[in-house]
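Heads up: the structure comes next, in structure tokens.
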Amino acid sequence: MSNKLIILGADHGGFLLKNEIREYLKQNGYTVEDLGTNSADSVNYANIAAEVSHEVAARGATGILVCGTGIGMSIAANKVKGIRAAVCSEYFSAKYTRLHNDANILCLGARVLGSGLALELVDVFLNTEFEGGRHVERIACISKIEDEEHIG
């Protein structure tokens, strides 16, 4: 999946791990856009998640978001139409969220993962293709729910 566009974002709790992920991706031939933040100064994770998510949805890219636990980022990201963000902290979930859910954003917790494991999760997420088949209908159901929620 190298040369695919990866859009990164993090809050103050995740910026160091995000920077490490950015360099790892660049070294492995990915095109990377980093939407910040780039310091330990407190920022609102929801704003970063929204910015990354809108870019991922509009451009058909893949995103990676990092905060303290990954949970806040995933909640905020999933509010954007077309986003299927998953917080993962182990291999099986990172693989199957791509294989069965066609997730387009990986959310990671810098305060709960070591960088070695985080990079392994990035690898499996980016190198696992959506299985399709029976899962296509399930993704369509999610999109239908999403469309219904955005009508009013």
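Following the order of the structure tokens, first chain is A, next is B, and so on, with residues numbered from 1 inside each chain and ligands from 1 in the order they appear.
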Compile the contact shell of Leu117 (chain A) as a VMD selection string: residues with an atom at most 12 Å away, counting only C-alpha atoms, same-chain residues fewer than 4 positions apart removed.
-> chain A and resid 17 21 88 to 91 94 108 to 110 112 to 113 121 to 124
Run DSSP on the backbone of this structure and report the residues of region 48-116 of chain A it assigns to strand (DSSP E or B), as a PyMOL selection string.
-> chain A and resi 62-67+85-87+105-109
Would you mind telling me which residue in A:Ala118, A:Met73, A:Ala86, A:Val32 lies nearest to Ile105 (chain A) when using only C-alpha atoms?
-> A:Ala86
re CA of Ser93 (chain A) and CA of Ser39 (chain A): distance 29.2 Å
Distance CA of Ile7 (chain A)-CA of Val80 (chain A), one decimal place?
->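 It comes out at 15.1 Å.
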Give me the residues within 8 Å of Leu99 (chain A) as a VMD selection string, counting only C-alpha atoms and dropping any in the same chain fewer than 5 places off.
-> chain A and resid 128 to 132
Residue subset to file, keeping N, CA and C atoms, as a JSON list (two decimals), in the first residue's frame:
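Saved the output as part35.json:
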[["chain", "number", "residue", "atom", "x", "y", "z"],
["A", 128, "THR", "N", -3.48, -4.65, 5.24],
["A", 128, "THR", "CA", -4.60, -5.58, 5.18],
["A", 128, "THR", "C", -5.66, -4.96, 4.29],
["A", 129, "GLU", "N", -6.07, -5.71, 3.29],
["A", 129, "GLU", "CA", -7.10, -5.24, 2.36],
["A", 129, "GLU", "C", -8.48, -5.68, 2.84],
["A", 130, "PHE", "N", -9.49, -4.89, 2.54],
["A", 130, "PHE", "CA", -10.87, -5.22, 2.83],
["A", 130, "PHE", "C", -11.24, -6.51, 2.11],
["A", 131, "GLU", "N", -11.85, -7.44, 2.84],
["A", 131, "GLU", "CA", -12.20, -8.75, 2.31],
["A", 131, "GLU", "C", -13.37, -8.70, 1.34],
["A", 132, "GLY", "N", -14.26, -7.74, 1.50],
["A", 132, "GLY", "CA", -15.43, -7.66, 0.62],
["A", 132, "GLY", "C", -16.43, -8.75, 0.96]]
Record the distance separating CA of Lys4 (chain A) and CA of Leu35 (chain A), expressed in Å with one decimal.
-> 16.4 Å
Which residue gives the smallest distance to Arg22 (chain A) among A:Ile64, A:Ala85, A:Ala76, A:Ala58, with only C-alpha atoms counted?
->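 Of A:Ile64, A:Ala85, A:Ala76, A:Ala58, the one nearest Arg22 (chain A) is A:Ile64, counting only C-alpha atoms.
Taking only C-alpha atoms, the non-local environment of Asn19 (chain A) within 10 Å (same-chain residues fewer than 5 positions away omitted) comprises A:Leu8, A:Gly9, A:Ala10, A:Gly14, A:Tyr24, A:Leu25, A:Asp34, A:Gly36, A:Thr37, A:Asn38.
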Using only C-alpha atoms, find the one residue out of A:Ala77, A:Leu5, A:Val66, A:Ile139 that sits nearest to Gly29 (chain A).
-> A:Leu5
